[in-house]
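Pasting input.cif here (mmCIF, C-alpha atoms (C1' of nucleotides)):
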```cif
data_coords
#
loop_
_atom_site.group_PDB
_atom_site.id
_atom_site.type_symbol
_atom_site.label_atom_id
_atom_site.label_comp_id
_atom_site.auth_asym_id
_atom_site.auth_seq_id
_atom_site.Cartn_x
_atom_site.Cartn_y
_atom_site.Cartn_z
ATOM 1 C CA MET Y 1 -38.148 37.291 12.705
ATOM 2 C CA ARG Y 2 -37.567 35.619 9.360
ATOM 3 C CA VAL Y 3 -36.579 32.007 9.590
ATOM 4 C CA SER Y 4 -35.167 29.970 6.734
ATOM 5 C CA LEU Y 5 -36.130 26.394 5.983
ATOM 6 C CA ASP Y 6 -32.710 25.204 7.057
ATOM 7 C CA GLU Y 7 -32.966 27.001 10.370
ATOM 8 C CA LEU Y 8 -36.436 25.624 10.913
ATOM 9 C CA GLU Y 9 -35.202 22.151 10.058
ATOM 10 C CA MET Y 10 -32.394 22.522 12.575
ATOM 11 C CA LEU Y 11 -34.745 23.771 15.266
ATOM 12 C CA HIS Y 12 -37.180 21.018 14.442
ATOM 13 C CA SER Y 13 -34.622 18.251 14.858
ATOM 14 C CA LYS Y 14 -33.165 19.890 17.945
ATOM 15 C CA VAL Y 15 -36.562 20.066 19.591
ATOM 16 C CA CYS Y 16 -37.355 16.478 18.652
ATOM 17 C CA ARG Y 17 -34.080 15.378 20.119
ATOM 18 C CA SER Y 18 -34.758 17.214 23.350
ATOM 19 C CA VAL Y 19 -38.114 15.487 23.628
ATOM 20 C CA GLY Y 20 -36.391 12.194 22.913
ATOM 21 C CA ASP Y 21 -35.539 11.445 26.510
ATOM 22 C CA VAL Y 22 -37.852 9.740 28.955
ATOM 23 C CA ARG Y 23 -37.179 12.183 31.765
ATOM 24 C CA ARG Y 24 -37.741 15.216 29.596
ATOM 25 C CA LEU Y 25 -40.887 13.704 28.161
ATOM 26 C CA GLN Y 26 -42.129 13.163 31.697
ATOM 27 C CA LEU Y 27 -41.266 16.745 32.593
ATOM 28 C CA LEU Y 28 -43.267 18.115 29.672
ATOM 29 C CA TYR Y 29 -46.294 16.018 30.577
ATOM 30 C CA ALA Y 30 -45.954 16.983 34.230
ATOM 31 C CA LEU Y 31 -46.279 20.629 33.217
ATOM 32 C CA GLU Y 32 -49.325 19.933 31.067
ATOM 33 C CA ASN Y 33 -51.692 21.626 33.506
ATOM 34 C CA GLY Y 34 -49.600 24.592 34.556
ATOM 35 C CA ALA Y 35 -46.368 25.801 36.077
ATOM 36 C CA LEU Y 36 -44.533 23.803 38.743
ATOM 37 C CA SER Y 37 -41.444 24.453 40.825
ATOM 38 C CA VAL Y 38 -38.246 22.455 40.395
ATOM 39 C CA ASN Y 39 -38.716 20.827 43.764
ATOM 40 C CA THR Y 40 -42.212 19.679 42.880
ATOM 41 C CA LEU Y 41 -40.896 18.165 39.665
ATOM 42 C CA VAL Y 42 -38.128 16.411 41.593
ATOM 43 C CA GLY Y 43 -40.837 14.852 43.728
ATOM 44 C CA ILE Y 44 -42.887 13.777 40.727
ATOM 45 C CA LEU Y 45 -40.047 12.218 38.745
ATOM 46 C CA ASP Y 46 -38.214 10.916 41.804
ATOM 47 C CA VAL Y 47 -34.740 11.580 40.430
ATOM 48 C CA PRO Y 48 -31.899 13.723 41.894
ATOM 49 C CA GLN Y 49 -32.415 17.476 41.790
ATOM 50 C CA PRO Y 50 -29.376 18.229 39.593
ATOM 51 C CA THR Y 51 -30.672 15.776 37.024
ATOM 52 C CA VAL Y 52 -34.049 17.482 36.886
ATOM 53 C CA SER Y 53 -32.403 20.872 36.779
ATOM 54 C CA ARG Y 54 -30.222 19.948 33.841
ATOM 55 C CA HIS Y 55 -33.140 18.550 31.844
ATOM 56 C CA LEU Y 56 -35.220 21.622 32.580
ATOM 57 C CA SER Y 57 -32.359 23.830 31.498
ATOM 58 C CA LEU Y 58 -32.056 21.998 28.186
ATOM 59 C CA LEU Y 59 -35.772 22.238 27.517
ATOM 60 C CA ARG Y 60 -35.659 25.940 28.283
ATOM 61 C CA GLN Y 61 -32.665 26.516 26.025
ATOM 62 C CA ASN Y 62 -34.573 24.870 23.209
ATOM 63 C CA GLY Y 63 -37.545 27.125 23.781
ATOM 64 C CA LEU Y 64 -39.994 24.535 25.082
ATOM 65 C CA LEU Y 65 -40.124 25.878 28.633
ATOM 66 C CA THR Y 66 -40.134 29.302 30.224
ATOM 67 C CA THR Y 67 -39.329 30.268 33.805
ATOM 68 C CA GLU Y 68 -40.588 32.636 36.412
ATOM 69 C CA ARG Y 69 -39.069 33.260 39.779
ATOM 70 C CA ALA Y 70 -41.229 33.439 42.930
ATOM 71 C CA GLY Y 71 -39.091 34.012 45.982
ATOM 72 C CA THR Y 72 -36.522 31.274 46.153
ATOM 73 C CA GLN Y 73 -38.492 29.034 43.880
ATOM 74 C CA ILE Y 74 -38.437 28.935 40.119
ATOM 75 C CA PHE Y 75 -41.542 27.858 38.285
ATOM 76 C CA TYR Y 76 -41.273 26.208 34.906
ATOM 77 C CA SER Y 77 -44.103 26.190 32.430
ATOM 78 C CA LEU Y 78 -44.728 25.194 28.833
ATOM 79 C CA THR Y 79 -43.945 27.922 26.320
ATOM 80 C CA ASP Y 80 -46.737 26.673 24.080
ATOM 81 C CA THR Y 81 -49.244 24.142 25.346
ATOM 82 C CA ARG Y 82 -49.950 22.957 21.811
ATOM 83 C CA ILE Y 83 -46.774 20.914 22.151
ATOM 84 C CA ILE Y 84 -48.609 18.549 24.448
ATOM 85 C CA GLY Y 85 -51.346 18.071 21.888
ATOM 86 C CA ILE Y 86 -48.778 17.208 19.281
ATOM 87 C CA LEU Y 87 -47.062 14.755 21.594
ATOM 88 C CA ASP Y 88 -50.424 13.183 22.352
ATOM 89 C CA ASN Y 89 -51.120 12.756 18.655
ATOM 90 C CA MET Y 90 -47.794 11.090 18.154
ATOM 91 C CA ARG Y 91 -48.312 8.857 21.133
ATOM 92 C CA GLN Y 92 -51.705 7.837 19.831
ATOM 93 C CA VAL Y 93 -50.323 6.973 16.404
ATOM 94 C CA LEU Y 94 -47.464 5.020 17.951
ATOM 95 C CA HIS Y 95 -49.920 3.172 20.140
ATOM 96 C CA GLU Y 96 -51.916 2.101 17.105
ATOM 97 C CA MET Y 97 -48.791 1.175 15.196
ATOM 98 C CA VAL Y 98 -47.634 -1.070 18.010
ATOM 99 C CA GLU Y 99 -51.018 -2.728 18.370
ATOM 100 C CA ASN Y 100 -51.386 -3.301 14.645
ATOM 101 C CA GLN Y 101 -48.013 -4.554 13.592
ATOM 102 C CA SER Y 102 -47.459 -6.262 16.912
ATOM 103 C CA GLY Y 103 -44.011 -7.824 16.862
ATOM 104 C CA LYS Y 104 -42.904 -6.251 13.634
ATOM 105 C CA LEU Y 105 -40.847 -3.576 15.346
ATOM 106 C CA ASP Y 106 -37.178 -4.400 15.563
ATOM 107 C CA GLU Y 107 -37.610 -7.159 13.033
ATOM 108 C CA MET Y 108 -34.767 -8.828 11.239
ATOM 109 C CA PRO Y 109 -32.860 -7.284 8.309
ATOM 110 C CA VAL Y 110 -34.207 -7.520 4.795
ATOM 111 C CA GLY Y 111 -31.454 -9.641 3.256
ATOM 112 C CA MET G 112 -50.721 -6.513 21.656
ATOM 113 C CA ARG G 113 -51.148 -4.881 25.050
ATOM 114 C CA VAL G 114 -48.804 -2.006 25.712
ATOM 115 C CA SER G 115 -48.195 -0.450 29.115
ATOM 116 C CA LEU G 116 -47.827 3.255 29.712
ATOM 117 C CA ASP G 117 -44.162 2.788 30.505
ATOM 118 C CA GLU G 118 -43.537 0.917 27.276
ATOM 119 C CA LEU G 119 -45.412 3.543 25.334
ATOM 120 C CA GLU G 120 -43.404 6.260 27.043
ATOM 121 C CA MET G 121 -40.196 4.495 26.110
ATOM 122 C CA LEU G 122 -41.270 4.048 22.518
ATOM 123 C CA HIS G 123 -42.411 7.639 22.398
ATOM 124 C CA SER G 124 -39.076 9.025 23.543
ATOM 125 C CA LYS G 125 -37.171 6.588 21.350
ATOM 126 C CA VAL G 126 -39.118 7.657 18.288
ATOM 127 C CA CYS G 127 -38.686 11.334 19.121
ATOM 128 C CA ARG G 128 -34.990 10.832 19.539
ATOM 129 C CA SER G 129 -34.736 9.073 16.177
ATOM 130 C CA VAL G 130 -36.488 12.008 14.524
ATOM 131 C CA GLY G 131 -34.119 14.351 16.335
ATOM 132 C CA ASP G 132 -31.442 14.265 13.675
ATOM 133 C CA VAL G 133 -31.408 16.487 10.626
ATOM 134 C CA ARG G 134 -30.606 13.698 8.198
ATOM 135 C CA ARG G 135 -33.303 11.433 9.528
ATOM 136 C CA LEU G 136 -35.807 14.253 9.481
ATOM 137 C CA GLN G 137 -34.901 14.885 5.854
ATOM 138 C CA LEU G 138 -35.290 11.199 5.070
ATOM 139 C CA LEU G 139 -38.784 11.100 6.534
ATOM 140 C CA TYR G 140 -39.842 14.153 4.569
ATOM 141 C CA ALA G 141 -38.259 12.743 1.406
ATOM 142 C CA LEU G 142 -40.491 9.699 1.750
ATOM 143 C CA GLU G 143 -43.595 11.811 2.273
ATOM 144 C CA ASN G 144 -44.990 11.017 -1.171
ATOM 145 C CA GLY G 145 -44.111 7.368 -1.453
ATOM 146 C CA ALA G 146 -41.366 4.754 -1.388
ATOM 147 C CA LEU G 147 -37.876 5.507 -2.640
ATOM 148 C CA SER G 148 -34.752 3.415 -3.091
ATOM 149 C CA VAL G 149 -31.638 3.953 -0.997
ATOM 150 C CA ASN G 150 -29.734 5.247 -3.994
ATOM 151 C CA THR G 151 -32.408 7.817 -4.738
ATOM 152 C CA LEU G 152 -32.281 9.006 -1.146
ATOM 153 C CA VAL G 153 -28.503 9.246 -1.330
ATOM 154 C CA GLY G 154 -28.965 11.560 -4.311
ATOM 155 C CA ILE G 155 -31.531 13.688 -2.505
ATOM 156 C CA LEU G 156 -29.595 14.121 0.720
ATOM 157 C CA ASP G 157 -26.196 14.231 -0.943
ATOM 158 C CA VAL G 158 -24.423 12.313 1.797
ATOM 159 C CA PRO G 159 -22.422 9.058 1.570
ATOM 160 C CA GLN G 160 -24.387 5.890 1.008
ATOM 161 C CA PRO G 161 -23.355 4.160 4.264
ATOM 162 C CA THR G 162 -24.539 7.171 6.222
ATOM 163 C CA VAL G 163 -27.949 7.053 4.565
ATOM 164 C CA SER G 164 -28.123 3.323 5.065
ATOM 165 C CA ARG G 165 -27.391 3.578 8.751
ATOM 166 C CA HIS G 166 -30.009 6.263 9.317
ATOM 167 C CA LEU G 167 -32.584 4.291 7.361
ATOM 168 C CA SER G 168 -31.777 1.231 9.395
ATOM 169 C CA LEU G 169 -32.335 3.103 12.635
ATOM 170 C CA LEU G 170 -35.648 4.516 11.470
ATOM 171 C CA ARG G 171 -36.750 1.054 10.438
ATOM 172 C CA GLN G 172 -35.704 -0.466 13.758
ATOM 173 C CA ASN G 173 -37.842 2.114 15.524
ATOM 174 C CA GLY G 174 -40.822 1.251 13.382
ATOM 175 C CA LEU G 175 -41.051 4.464 11.381
ATOM 176 C CA LEU G 176 -40.057 2.912 8.055
ATOM 177 C CA THR G 177 -40.738 -0.348 6.271
ATOM 178 C CA THR G 178 -38.826 -1.941 3.419
ATOM 179 C CA GLU G 179 -39.577 -3.848 0.277
ATOM 180 C CA ARG G 180 -37.043 -5.402 -1.994
ATOM 181 C CA ALA G 181 -37.257 -5.062 -5.774
ATOM 182 C CA GLY G 182 -34.401 -6.845 -7.434
ATOM 183 C CA THR G 183 -31.178 -5.435 -6.111
ATOM 184 C CA GLN G 184 -32.858 -2.319 -4.851
ATOM 185 C CA ILE G 185 -34.600 -1.817 -1.534
ATOM 186 C CA PHE G 186 -37.423 0.663 -1.292
ATOM 187 C CA TYR G 187 -38.120 2.410 1.974
ATOM 188 C CA SER G 188 -41.496 3.873 2.821
ATOM 189 C CA LEU G 189 -43.254 5.402 5.793
ATOM 190 C CA THR G 190 -44.946 2.902 8.075
ATOM 191 C CA ASP G 191 -47.662 5.429 8.876
ATOM 192 C CA THR G 192 -47.968 8.619 6.860
ATOM 193 C CA ARG G 193 -49.691 10.370 9.773
ATOM 194 C CA ILE G 194 -46.209 10.848 11.180
ATOM 195 C CA ILE G 195 -45.579 13.493 8.554
ATOM 196 C CA GLY G 196 -48.717 15.342 9.544
ATOM 197 C CA ILE G 197 -47.585 15.340 13.146
ATOM 198 C CA LEU G 198 -44.135 16.591 12.199
ATOM 199 C CA ASP G 199 -45.744 19.317 10.119
ATOM 200 C CA ASN G 200 -47.851 20.391 13.080
ATOM 201 C CA MET G 201 -44.806 20.588 15.266
ATOM 202 C CA ARG G 202 -42.878 22.489 12.640
ATOM 203 C CA GLN G 203 -45.722 24.973 12.302
ATOM 204 C CA VAL G 204 -45.894 25.556 16.048
ATOM 205 C CA LEU G 205 -42.140 25.967 16.254
ATOM 206 C CA HIS G 206 -42.241 28.407 13.382
ATOM 207 C CA GLU G 207 -44.787 30.536 15.218
ATOM 208 C CA MET G 208 -42.871 30.294 18.452
ATOM 209 C CA VAL G 209 -39.697 31.523 16.790
ATOM 210 C CA GLU G 210 -41.471 34.381 15.055
ATOM 211 C CA ASN G 211 -43.274 35.461 18.200
ATOM 212 C CA GLN G 212 -40.620 35.332 20.854
ATOM 213 C CA SER G 213 -37.921 36.258 18.387
ATOM 214 C CA GLY G 214 -34.613 36.274 20.232
ATOM 215 C CA LYS G 215 -35.957 34.795 23.421
ATOM 216 C CA LEU G 216 -34.659 31.322 22.637
ATOM 217 C CA ASP G 217 -31.400 30.541 24.334
ATOM 218 C CA GLU G 218 -31.815 33.518 26.610
ATOM 219 C CA MET G 219 -29.738 34.076 29.687
ATOM 220 C CA PRO G 220 -30.199 32.201 32.965
ATOM 221 C CA VAL G 221 -32.795 33.271 35.456
ATOM 222 C CA GLY G 222 -30.582 34.207 38.393
ATOM 223 C "C1'" DA E 223 -18.668 -18.792 -12.100
ATOM 224 C "C1'" DA E 224 -17.373 -14.164 -12.642
ATOM 225 C "C1'" DG E 225 -18.816 -9.456 -12.906
ATOM 226 C "C1'" DT E 226 -21.870 -5.619 -11.761
ATOM 227 C "C1'" DT E 227 -25.068 -2.998 -9.170
ATOM 228 C "C1'" DA E 228 -27.289 -1.935 -4.861
ATOM 229 C "C1'" DT E 229 -27.342 -2.065 -0.069
ATOM 230 C "C1'" DA E 230 -25.668 -3.288 4.633
ATOM 231 C "C1'" DT E 231 -22.176 -3.734 8.107
ATOM 232 C "C1'" DT E 232 -17.713 -3.253 10.413
ATOM 233 C "C1'" DC E 233 -13.881 -0.540 12.300
ATOM 234 C "C1'" DG E 234 -11.567 3.203 14.440
ATOM 235 C "C1'" DC E 235 -12.167 7.602 15.988
ATOM 236 C "C1'" DA E 236 -14.178 11.937 17.492
ATOM 237 C "C1'" DT E 237 -17.859 14.078 19.740
ATOM 238 C "C1'" DA E 238 -22.040 14.367 22.423
ATOM 239 C "C1'" DT E 239 -24.846 13.095 26.146
ATOM 240 C "C1'" DA E 240 -26.297 11.505 30.793
ATOM 241 C "C1'" DC E 241 -25.258 10.676 35.370
ATOM 242 C "C1'" DG E 242 -24.106 11.211 40.590
ATOM 243 C "C1'" DG E 243 -21.965 13.889 43.892
ATOM 244 C "C1'" DA E 244 -20.061 18.047 45.286
ATOM 245 C "C1'" DT E 245 -20.062 22.768 44.994
ATOM 246 C "C1'" DG E 246 -21.732 27.477 43.954
ATOM 247 C "C1'" DG E 247 -25.236 31.091 43.858
ATOM 248 C "C1'" DT E 248 -29.541 33.517 45.027
ATOM 249 C "C1'" DA E 249 -33.341 34.885 47.864
ATOM 250 C "C1'" DT E 250 -35.747 34.918 52.161
ATOM 251 C "C1'" DA E 251 -35.902 34.697 57.233
ATOM 252 C "C1'" DT E 252 -34.130 35.397 61.863
ATOM 253 C "C1'" DA H 253 -24.312 38.460 59.542
ATOM 254 C "C1'" DT H 254 -25.823 33.742 59.718
ATOM 255 C "C1'" DA H 255 -28.868 30.170 58.570
ATOM 256 C "C1'" DT H 256 -31.925 27.951 55.519
ATOM 257 C "C1'" DA H 257 -34.286 26.661 51.322
ATOM 258 C "C1'" DC H 258 -34.122 26.265 46.575
ATOM 259 C "C1'" DC H 259 -31.999 25.923 42.306
ATOM 260 C "C1'" DA H 260 -27.935 25.894 38.942
ATOM 261 C "C1'" DT H 261 -23.452 24.523 37.614
ATOM 262 C "C1'" DC H 262 -19.077 22.011 37.698
ATOM 263 C "C1'" DC H 263 -16.319 17.715 37.666
ATOM 264 C "C1'" DG H 264 -15.110 13.190 36.411
ATOM 265 C "C1'" DT H 265 -16.780 9.197 34.301
ATOM 266 C "C1'" DA H 266 -19.416 6.042 31.567
ATOM 267 C "C1'" DT H 267 -22.097 5.402 27.602
ATOM 268 C "C1'" DA H 268 -24.121 6.664 23.233
ATOM 269 C "C1'" DT H 269 -23.943 8.585 18.774
ATOM 270 C "C1'" DG H 270 -22.260 9.984 14.183
ATOM 271 C "C1'" DC H 271 -18.920 9.799 10.690
ATOM 272 C "C1'" DG H 272 -15.714 8.194 6.699
ATOM 273 C "C1'" DA H 273 -13.362 4.489 4.662
ATOM 274 C "C1'" DA H 274 -13.142 -0.096 3.795
ATOM 275 C "C1'" DT H 275 -15.367 -4.342 3.456
ATOM 276 C "C1'" DA H 276 -19.151 -7.678 3.268
ATOM 277 C "C1'" DT H 277 -23.589 -9.364 1.500
ATOM 278 C "C1'" DA H 278 -27.384 -9.982 -1.800
ATOM 279 C "C1'" DA H 279 -29.444 -10.163 -6.371
ATOM 280 C "C1'" DC H 280 -29.212 -9.934 -11.026
ATOM 281 C "C1'" DT H 281 -26.677 -10.543 -15.609
ATOM 282 C "C1'" DT H 282 -23.892 -12.812 -18.973
#
```

Using structure tokens, write down the structure from this file.
Amino acid sequence: MRVSLDELEMLHSKVCRSVGDVRRLQLLYALENGALSVNTLVGILDVPQPTVSRHLSLLRQNGLLTTERAGTQIFYSLTDTRIIGILDNMRQVLHEMVENQSGKLDEMPVG
Amino acid sequence: MRVSLDELEMLHSKVCRSVGDVRRLQLLYALENGALSVNTLVGILDVPQPTVSRHLSLLRQNGLLTTERAGTQIFYSLTDTRIIGILDNMRQVLHEMVENQSGKLDEMPVG
DNA sequence: AAGTTATATTCGCATATACGGATGGTATAT
DNA sequence: ATATACCATCCGTATATGCGAATATAACTT
């Protein structure tokens, strides 16, 4: 499948946006070591089942997760585990940025 | 500065969300090779100046950009250029994912 | 001080997103 | 067929986000 730069840019921002939610970030990390059922994820995140289901659905629509049914359960897993590595890199950089520039985040306007 | 896992998680999702907008993604990439003035960025993105200014402001509030005034102009630059490398990694992975699973994104529900 | 350039902010509006609770659907078991 | 377990979707609501147009602020010039 050929993909233009514009399409890639769109996908890129869409994926970043879908990661840009604490619950969804937690879901991705929870699946770091393999597939889990919805119910298990509900237990881990401790939020209502419909909430988890909606976030999982969004992540799947954006290609980050895939599903597999086993009886009545549905197991979600990462489409590409390299995503976690990338998120870890980002987290590491952010960690350093926070420690270095300390209170400089959210600083006052330039004027 | 000590930073808890929760705080880091918050920052992480906040930063991802701020990257999750096409304009802001374009702004970050535009600044890949050094600082640029707001007006220059307006020319590159070809969107109204207030729109650019608002997106820049958000990116700065989230720590991704820093500013420096030079006369009447304000130059924005990346706080940490490693961010671009991370975004490139993600873009590369997404590119491969799209090419591999072709039309599988946005596929139909599991039921 | 008045004018000019560059940038930031405000306002009103439209759209998108997230949530809880209820409901709907699917698969297995009895 | 009924019951149960598991998951997805709908509904109404509250909040967040993005935009264009107009306006405000800051710095430099004359």

Mind telling me what the PyMOL selection byres ((chain Y) within 12 of (chain E)) catches here, as a short mmCIF file (atom, residue, chain, number, x, y, z; two decimals) with C-alpha atoms, in the frame of the given file?
```
data_model
loop_
_atom_site.label_atom_id
_atom_site.label_comp_id
_atom_site.auth_asym_id
_atom_site.auth_seq_id
_atom_site.Cartn_x
_atom_site.Cartn_y
_atom_site.Cartn_z
CA ARG Y 17 -34.08 15.38 20.12
CA SER Y 18 -34.76 17.21 23.35
CA ASP Y 21 -35.54 11.44 26.51
CA VAL Y 22 -37.85 9.74 28.96
CA ARG Y 23 -37.18 12.18 31.76
CA VAL Y 47 -34.74 11.58 40.43
CA PRO Y 48 -31.90 13.72 41.89
CA GLN Y 49 -32.42 17.48 41.79
CA PRO Y 50 -29.38 18.23 39.59
CA THR Y 51 -30.67 15.78 37.02
CA VAL Y 52 -34.05 17.48 36.89
CA ARG Y 54 -30.22 19.95 33.84
CA HIS Y 55 -33.14 18.55 31.84
CA LEU Y 58 -32.06 22.00 28.19
CA ARG Y 69 -39.07 33.26 39.78
CA ALA Y 70 -41.23 33.44 42.93
CA GLY Y 71 -39.09 34.01 45.98
CA THR Y 72 -36.52 31.27 46.15
CA GLN Y 73 -38.49 29.03 43.88
CA ILE Y 74 -38.44 28.94 40.12
CA PRO Y 109 -32.86 -7.28 8.31
CA VAL Y 110 -34.21 -7.52 4.80
CA GLY Y 111 -31.45 -9.64 3.26
#
```

Can you turn the PyMOL selection byres ((chain H) within 12 of (chain G)) into a concrete residue list for this file, as a compact mmCIF listing (two decimals) with C-alpha atoms (C1' of nucleotides), in the frame of the given file?
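Once written, result_24.txt looks like this:
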```
# COMPACT_ATOMS: atom_id res chain seq x y z
C1' DC H 258 -34.12 26.26 46.58
C1' DC H 259 -32.00 25.92 42.31
C1' DA H 260 -27.94 25.89 38.94
C1' DT H 261 -23.45 24.52 37.61
C1' DT H 269 -23.94 8.59 18.77
C1' DG H 270 -22.26 9.98 14.18
C1' DC H 271 -18.92 9.80 10.69
C1' DG H 272 -15.71 8.19 6.70
C1' DA H 273 -13.36 4.49 4.66
C1' DA H 274 -13.14 -0.10 3.80
C1' DT H 275 -15.37 -4.34 3.46
C1' DT H 277 -23.59 -9.36 1.50
C1' DA H 278 -27.38 -9.98 -1.80
C1' DA H 279 -29.44 -10.16 -6.37
C1' DC H 280 -29.21 -9.93 -11.03
C1' DT H 281 -26.68 -10.54 -15.61
```

Report task. May I have the residues within 12 Å of His206 of chain G as a PyMOL selection string, using all atoms listed in the file and disregarding those fewer than 3 positions away in the same chain? Result -> (chain Y and resi 1-12+15+63+80) or (chain G and resi 199-203+209-213)

Just-selected residues, C-alpha atoms written as an mmCIF file, keeping the file's coordinate frame:
```cif
data_model
loop_
_atom_site.group_PDB
_atom_site.id
_atom_site.type_symbol
_atom_site.label_atom_id
_atom_site.label_comp_id
_atom_site.auth_asym_id
_atom_site.auth_seq_id
_atom_site.Cartn_x
_atom_site.Cartn_y
_atom_site.Cartn_z
ATOM 1 C CA MET Y 1 -38.148 37.291 12.705
ATOM 2 C CA ARG Y 2 -37.567 35.619 9.360
ATOM 3 C CA VAL Y 3 -36.579 32.007 9.590
ATOM 4 C CA SER Y 4 -35.167 29.970 6.734
ATOM 5 C CA LEU Y 5 -36.130 26.394 5.983
ATOM 6 C CA ASP Y 6 -32.710 25.204 7.057
ATOM 7 C CA GLU Y 7 -32.966 27.001 10.370
ATOM 8 C CA LEU Y 8 -36.436 25.624 10.913
ATOM 9 C CA GLU Y 9 -35.202 22.151 10.058
ATOM 10 C CA MET Y 10 -32.394 22.522 12.575
ATOM 11 C CA LEU Y 11 -34.745 23.771 15.266
ATOM 12 C CA HIS Y 12 -37.180 21.018 14.442
ATOM 13 C CA VAL Y 15 -36.562 20.066 19.591
ATOM 14 C CA GLY Y 63 -37.545 27.125 23.781
ATOM 15 C CA ASP Y 80 -46.737 26.673 24.080
ATOM 16 C CA ASP G 199 -45.744 19.317 10.119
ATOM 17 C CA ASN G 200 -47.851 20.391 13.080
ATOM 18 C CA MET G 201 -44.806 20.588 15.266
ATOM 19 C CA ARG G 202 -42.878 22.489 12.640
ATOM 20 C CA GLN G 203 -45.722 24.973 12.302
ATOM 21 C CA VAL G 209 -39.697 31.523 16.790
ATOM 22 C CA GLU G 210 -41.471 34.381 15.055
ATOM 23 C CA ASN G 211 -43.274 35.461 18.200
ATOM 24 C CA GLN G 212 -40.620 35.332 20.854
ATOM 25 C CA SER G 213 -37.921 36.258 18.387
#
```

**Report entry** d(atom CA of Ile194 of chain G, atom CA of Glu143 of chain G) in Å
**Finding:** 9.3 Å

Centre, x/y/z edge lengths, axis-aligned box for segment 152-165 of chain G with 3 Å per side, as AutoDock Vina command-line options:
```
--center_x -27.4 --center_y 8.8 --center_z 2.2 --size_x 15.9 --size_y 16.9 --size_z 19.1
```

Requested in this report: Report the distance between atom C1' of DT256 of chain H and atom CA of Arg60 of chain Y in Å, rounded to one decimal place.
Outcome: 27.6 Å

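Reported to one decimal place, the separation of atom CA of Tyr76 of chain Y from atom C1' of DG264 of chain H is 29.3 Å.
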
Can you complete the atoms of segment 43-57 of chain Y to N, CA and C atoms and list them as a JSON list (two decimals), keeping the file's coordinate frame?
```
[["chain", "number", "residue", "atom", "x", "y", "z"],
["Y", 43, "GLY", "N", -39.97, 15.80, 43.03],
["Y", 43, "GLY", "CA", -40.84, 14.85, 43.73],
["Y", 43, "GLY", "C", -41.62, 13.97, 42.77],
["Y", 44, "ILE", "N", -42.09, 14.54, 41.69],
["Y", 44, "ILE", "CA", -42.89, 13.78, 40.73],
["Y", 44, "ILE", "C", -42.04, 12.73, 40.00],
["Y", 45, "LEU", "N", -40.88, 13.14, 39.53],
["Y", 45, "LEU", "CA", -40.05, 12.22, 38.74],
["Y", 45, "LEU", "C", -39.21, 11.29, 39.63],
["Y", 46, "ASP", "N", -39.00, 11.73, 40.88],
["Y", 46, "ASP", "CA", -38.21, 10.92, 41.80],
["Y", 46, "ASP", "C", -36.80, 10.63, 41.27],
["Y", 47, "VAL", "N", -36.15, 11.67, 40.82],
["Y", 47, "VAL", "CA", -34.74, 11.58, 40.43],
["Y", 47, "VAL", "C", -34.01, 12.74, 41.10],
["Y", 48, "PRO", "N", -32.66, 12.67, 41.19],
["Y", 48, "PRO", "CA", -31.90, 13.72, 41.89],
["Y", 48, "PRO", "C", -32.19, 15.11, 41.34],
["Y", 49, "GLN", "N", -32.13, 16.10, 42.18],
["Y", 49, "GLN", "CA", -32.42, 17.48, 41.79],
["Y", 49, "GLN", "C", -31.52, 17.98, 40.66],
["Y", 50, "PRO", "N", -30.19, 17.74, 40.71],
["Y", 50, "PRO", "CA", -29.38, 18.23, 39.59],
["Y", 50, "PRO", "C", -29.80, 17.64, 38.25],
["Y", 51, "THR", "N", -30.21, 16.41, 38.27],
["Y", 51, "THR", "CA", -30.67, 15.78, 37.02],
["Y", 51, "THR", "C", -31.89, 16.51, 36.47],
["Y", 52, "VAL", "N", -32.86, 16.74, 37.32],
["Y", 52, "VAL", "CA", -34.05, 17.48, 36.89],
["Y", 52, "VAL", "C", -33.66, 18.87, 36.39],
["Y", 53, "SER", "N", -32.79, 19.51, 37.12],
["Y", 53, "SER", "CA", -32.40, 20.87, 36.78],
["Y", 53, "SER", "C", -31.74, 20.93, 35.40],
["Y", 54, "ARG", "N", -30.89, 19.97, 35.14],
["Y", 54, "ARG", "CA", -30.22, 19.95, 33.84],
["Y", 54, "ARG", "C", -31.21, 19.73, 32.70],
["Y", 55, "HIS", "N", -32.16, 18.80, 32.90],
["Y", 55, "HIS", "CA", -33.14, 18.55, 31.84],
["Y", 55, "HIS", "C", -34.02, 19.78, 31.62],
["Y", 56, "LEU", "N", -34.41, 20.41, 32.71],
["Y", 56, "LEU", "CA", -35.22, 21.62, 32.58],
["Y", 56, "LEU", "C", -34.45, 22.70, 31.82],
["Y", 57, "SER", "N", -33.19, 22.83, 32.15],
["Y", 57, "SER", "CA", -32.36, 23.83, 31.50],
["Y", 57, "SER", "C", -32.29, 23.59, 29.99]]
```
